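Novice: Provided herewith is a single structure, encoded as structure tokens, for subsequent inquiry.
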Amino acid sequence: MTGPIESTDKKSAPWLKTQERSNMLMLRIMSWISLRLGRRIARLVLHLIALYFVLFAPDSRRASLGYLPRVLGRPATWLDLYRHFFCFASTIHDRIYLINRRYDLFDIEIHGKENIHPLIDAGKGVLLMGAHLGSFEVMRAIGRQLPSVRVAMVMHEDNAQKINSMLAAINPEASMDIIPLGRIDSMLQVQERLEDGMLVGMLSDRTLGNEPMAQVNLLGATAALPTGPFRMAALLRRPVVFMVGLYMGDNRYQIHFETLADFSDTPRGQRDQAVEIAIARYTELLNRYTRLAPYNWFNFFDYWQSVPASLNEKGE
């Protein structure tokens, strides 16, 4: 990995241009179906939903075809495309039940408890870093074991408004504590939640555009990750845990907690190096878990081609 690079404008954030239309469309469709038909019957409809996206969502299909050969190590087939969209549809569908605390419907394995329980018990707050890989919503399941745990999410403001509107429509009591990104007081809000002993989660694999980026090797090719989330963690001097909730088929999920970084005692002069090490560790974990559950990658845009052109021209 080389040092940070600067993205020039929001052309480096194609997911912002599309505003995740496919995600919100599927949320609306599956909310209606799930609440009226139940999980078993509604899952039959998922096959049609997945087929629709395979046939009639060319941008998402193109992005899937750009990703799948990298993670599978072979050319992607139509069946691979279908499995990718079906996995996505399944996690969106299951979100409806997780929001309503129907954990009895699922078989959820939690791995790496030893990496997070001591930090929770310390009561000083924990930063969780995930990615658009699997279901972050399944993290609600740890509330069964730790009912006192409270979670806040850091996300793009437009997405925050859409998600909270959707949650309110499904279950008025399920709205999330969301900290919008890009505001002057965003980091202050994160600090306040942490000092209150909360878990603060963020998905750190996408850029908002016009922010520092770091070049990494993801699945054998150059990609760019935003450095902002890692620099925020370093400034806040907090431990950081990587969290992923993988959909493993049918009603099965695996939650994994991995130690990512601990900036608690990092001297100011060593922050840049510590951030670089944390980004390398985050990339290592993305490579590991995408290969473990390849159809769980839900960045439906050209992730690798979103590297700023100036980076490719330099060949760094």
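Residue numbers start at 1 in each chain; chains themselves are named A, B, ... in the order of the structure tokens; ligands are numbered from 1 in the order shown.
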What's the 12 Å shell around stretch 288-296 of chain A, counting only C-alpha atoms, without same-chain residues fewer than 2 positions away, as a short mmCIF file (atom, residue, chain, number, x, y, z; two decimals) with C-alpha atoms, in the first residue's frame?

Specialist:
```
data_model
loop_
_atom_site.label_atom_id
_atom_site.label_comp_id
_atom_site.auth_asym_id
_atom_site.auth_seq_id
_atom_site.Cartn_x
_atom_site.Cartn_y
_atom_site.Cartn_z
CA SER A 64 -21.30 -7.81 -10.18
CA LEU A 65 -19.47 -9.16 -13.22
CA TYR A 67 -16.37 -8.26 -8.83
CA LEU A 68 -17.21 -11.96 -9.04
CA PRO A 69 -14.24 -13.15 -11.18
CA ARG A 70 -11.87 -11.43 -8.74
CA VAL A 71 -13.24 -13.21 -5.69
CA LEU A 72 -14.03 -16.56 -7.34
CA GLY A 73 -10.80 -16.79 -9.31
CA ALA A 76 -18.54 -15.62 -13.47
CA LEU A 79 -25.73 -18.73 -11.88
CA ASP A 80 -23.06 -16.76 -10.00
CA LEU A 81 -24.84 -13.53 -10.90
CA TYR A 82 -28.12 -14.95 -9.68
CA ARG A 83 -26.59 -16.16 -6.40
CA HIS A 84 -25.05 -12.73 -5.84
CA PHE A 85 -28.38 -10.91 -6.25
CA PHE A 86 -30.26 -13.58 -4.30
CA CYS A 87 -27.85 -13.16 -1.38
CA PHE A 88 -28.40 -9.41 -1.49
CA ALA A 89 -32.17 -9.85 -1.63
CA SER A 90 -32.06 -12.29 1.30
CA THR A 91 -30.22 -9.89 3.60
CA ILE A 92 -32.57 -7.03 2.71
CA GLY A 130 -17.54 -2.83 8.80
CA ALA A 131 -18.10 -2.77 5.05
CA HIS A 132 -20.92 -3.27 2.57
CA LEU A 133 -20.33 -6.96 3.08
CA GLY A 134 -23.17 -9.07 4.46
CA SER A 135 -25.64 -7.57 6.94
CA PHE A 136 -24.68 -5.01 9.55
CA LEU A 218 -8.18 -5.73 -2.87
CA LEU A 219 -8.75 -9.14 -4.44
CA GLY A 220 -5.64 -8.77 -6.56
CA PHE A 242 -13.83 -5.03 12.57
CA MET A 243 -17.33 -6.47 12.40
CA VAL A 244 -19.03 -8.42 9.62
CA GLY A 245 -22.34 -10.30 9.57
CA LEU A 246 -22.23 -12.86 6.76
CA TYR A 247 -25.31 -14.48 5.25
CA MET A 248 -24.56 -18.19 4.91
CA GLY A 249 -27.79 -19.35 3.29
CA TYR A 253 -25.68 -15.95 9.69
CA GLN A 254 -22.16 -15.68 11.06
CA ILE A 255 -21.06 -12.59 12.98
CA HIS A 256 -17.31 -12.10 13.18
CA PHE A 257 -15.48 -9.64 15.42
CA GLU A 258 -11.78 -9.09 14.66
CA ARG A 281 -5.32 -4.73 8.38
CA TYR A 282 -8.80 -3.66 7.21
CA THR A 283 -7.88 -4.60 3.62
CA GLU A 284 -6.57 -7.98 4.80
CA LEU A 285 -9.89 -8.66 6.54
CA LEU A 286 -11.90 -7.59 3.48
CA PHE A 298 -22.94 -5.43 -1.87
CA ASN A 299 -21.05 -2.62 -3.59
CA PHE A 300 -23.05 -2.63 -6.81
#
```

Novice: Kindly give the distance, in Å, that separates atom CA of A:Leu119 and atom CA of A:Pro267, rounded to a single decimal.

Specialist: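 Separating atom CA of A:Leu119 from atom CA of A:Pro267 is a distance of 20.8 Å.
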
Novice: Please provide as a list in words all residues within 8 Å of A:Arg101, with the sequence filter that same-chain residues fewer than 4 positions apart are discarded (counting only C-alpha atoms).

Specialist: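 My list of contacting residues is Tyr97, Arg140 and Ala141 of chain A.
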
Novice: Atom CA of A:Ala274 to atom CA of A:Ala233: how many Å, to one decimal?

Specialist: 10.5 Å

Novice: So that I can check the secondary structure, give me every residue of stretch 84-125 of chain A assigned strand (DSSP E) by backbone DSSP, as a ChimeraX atom specification.

Specialist: /A:107-111

Novice: Using only C-alpha atoms, find the one residue out of A:Val154, A:Ile49, A:Ala223, A:Leu199 that sits nearest to A:Val240.

Specialist: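 Of A:Val154, A:Ile49, A:Ala223, A:Leu199, the one nearest A:Val240 is A:Leu199, counting only C-alpha atoms.
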
Novice: I need the residues of stretch 36-81 of chain A that end up classed as alpha helix (DSSP H) by DSSP on the backbone, written out as an MDAnalysis selection string.

Specialist: chainID A and resid 36:37 39:56 58:72 78:81

Novice: Rank A:Arg183, A:Arg61, A:Lys124, A:Arg43 by their smallest atom-to-atom distance to A:Val200, using only C-alpha atoms, and report the top residue only.

Specialist: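 Selected residue with least distance to A:Val200: A:Lys124.
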
Novice: With distances taken over only C-alpha atoms, which of A:Asn251, A:Asn210, A:Asn217, A:Thr227 is nearest to A:Ala278?

Specialist: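 Closest to A:Ala278, using only C-alpha atoms: A:Thr227.
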
Novice: So how many Å separate atom CA of A:Asn115 and atom CA of A:Leu260, to one decimal?

Specialist: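 The value is 9.6 Å.
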
Novice: Of the candidates A:Ile99, A:Ala280, A:Ile179, A:Met129, which shows the shortest atom-to-atom distance to A:Met202, using only C-alpha atoms?

Specialist: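 Of the candidates, the smallest distance to A:Met202 is held by A:Met129.
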
Novice: With a distance cut-off of 12 Å and only C-alpha atoms, select the neighbouring residues of A:Met187, excluding the residue or stretch itself and same-chain residues fewer than 2 positions from it, and output the selection as a PyMOL selection string.

Specialist: chain A and resi 154-155+179-185+189-194+200+228-229+231-236

Novice: Could the residues in this selection be written to a file with C-alpha atoms, as a PDB file, in the first residue's frame?

Specialist:
```pdb
ATOM      1  CA  VAL A 154     -22.242   6.808  11.270  1.00  0.00           C
ATOM      2  CA  MET A 155     -23.426   7.164   7.678  1.00  0.00           C
ATOM      3  CA  ILE A 179     -24.756  10.252  13.173  1.00  0.00           C
ATOM      4  CA  PRO A 180     -24.704  11.960   9.752  1.00  0.00           C
ATOM      5  CA  LEU A 181     -21.343  12.221   8.025  1.00  0.00           C
ATOM      6  CA  GLY A 182     -20.012  15.462   6.616  1.00  0.00           C
ATOM      7  CA  ARG A 183     -21.231  17.816   9.323  1.00  0.00           C
ATOM      8  CA  ILE A 184     -19.009  20.089  11.389  1.00  0.00           C
ATOM      9  CA  ASP A 185     -20.038  18.322  14.591  1.00  0.00           C
ATOM     10  CA  GLN A 189     -21.221  13.391  18.129  1.00  0.00           C
ATOM     11  CA  VAL A 190     -19.162  10.216  17.723  1.00  0.00           C
ATOM     12  CA  GLN A 191     -17.055  11.177  20.742  1.00  0.00           C
ATOM     13  CA  GLU A 192     -20.149  11.826  22.860  1.00  0.00           C
ATOM     14  CA  ARG A 193     -21.615   8.403  22.025  1.00  0.00           C
ATOM     15  CA  LEU A 194     -18.341   6.680  22.818  1.00  0.00           C
ATOM     16  CA  VAL A 200     -20.402   3.279  17.191  1.00  0.00           C
ATOM     17  CA  GLY A 228     -11.142   9.463   7.053  1.00  0.00           C
ATOM     18  CA  PRO A 229     -12.702   6.759   9.275  1.00  0.00           C
ATOM     19  CA  ARG A 231      -8.002   9.073  11.054  1.00  0.00           C
ATOM     20  CA  MET A 232     -11.129   9.769  13.084  1.00  0.00           C
ATOM     21  CA  ALA A 233     -10.459   6.678  15.201  1.00  0.00           C
ATOM     22  CA  ALA A 234      -6.844   7.802  15.707  1.00  0.00           C
ATOM     23  CA  LEU A 235      -7.897  11.300  16.749  1.00  0.00           C
ATOM     24  CA  LEU A 236     -10.456   9.860  19.171  1.00  0.00           C
TER      25      LEU A 236
END
```

Novice: In terms of the shortest atom-to-atom distance over only C-alpha atoms, which of A:Val275, A:Ala57, A:Ile96, A:Leu225 is closest to A:Arg237?

Specialist: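 Closest candidate: A:Val275.
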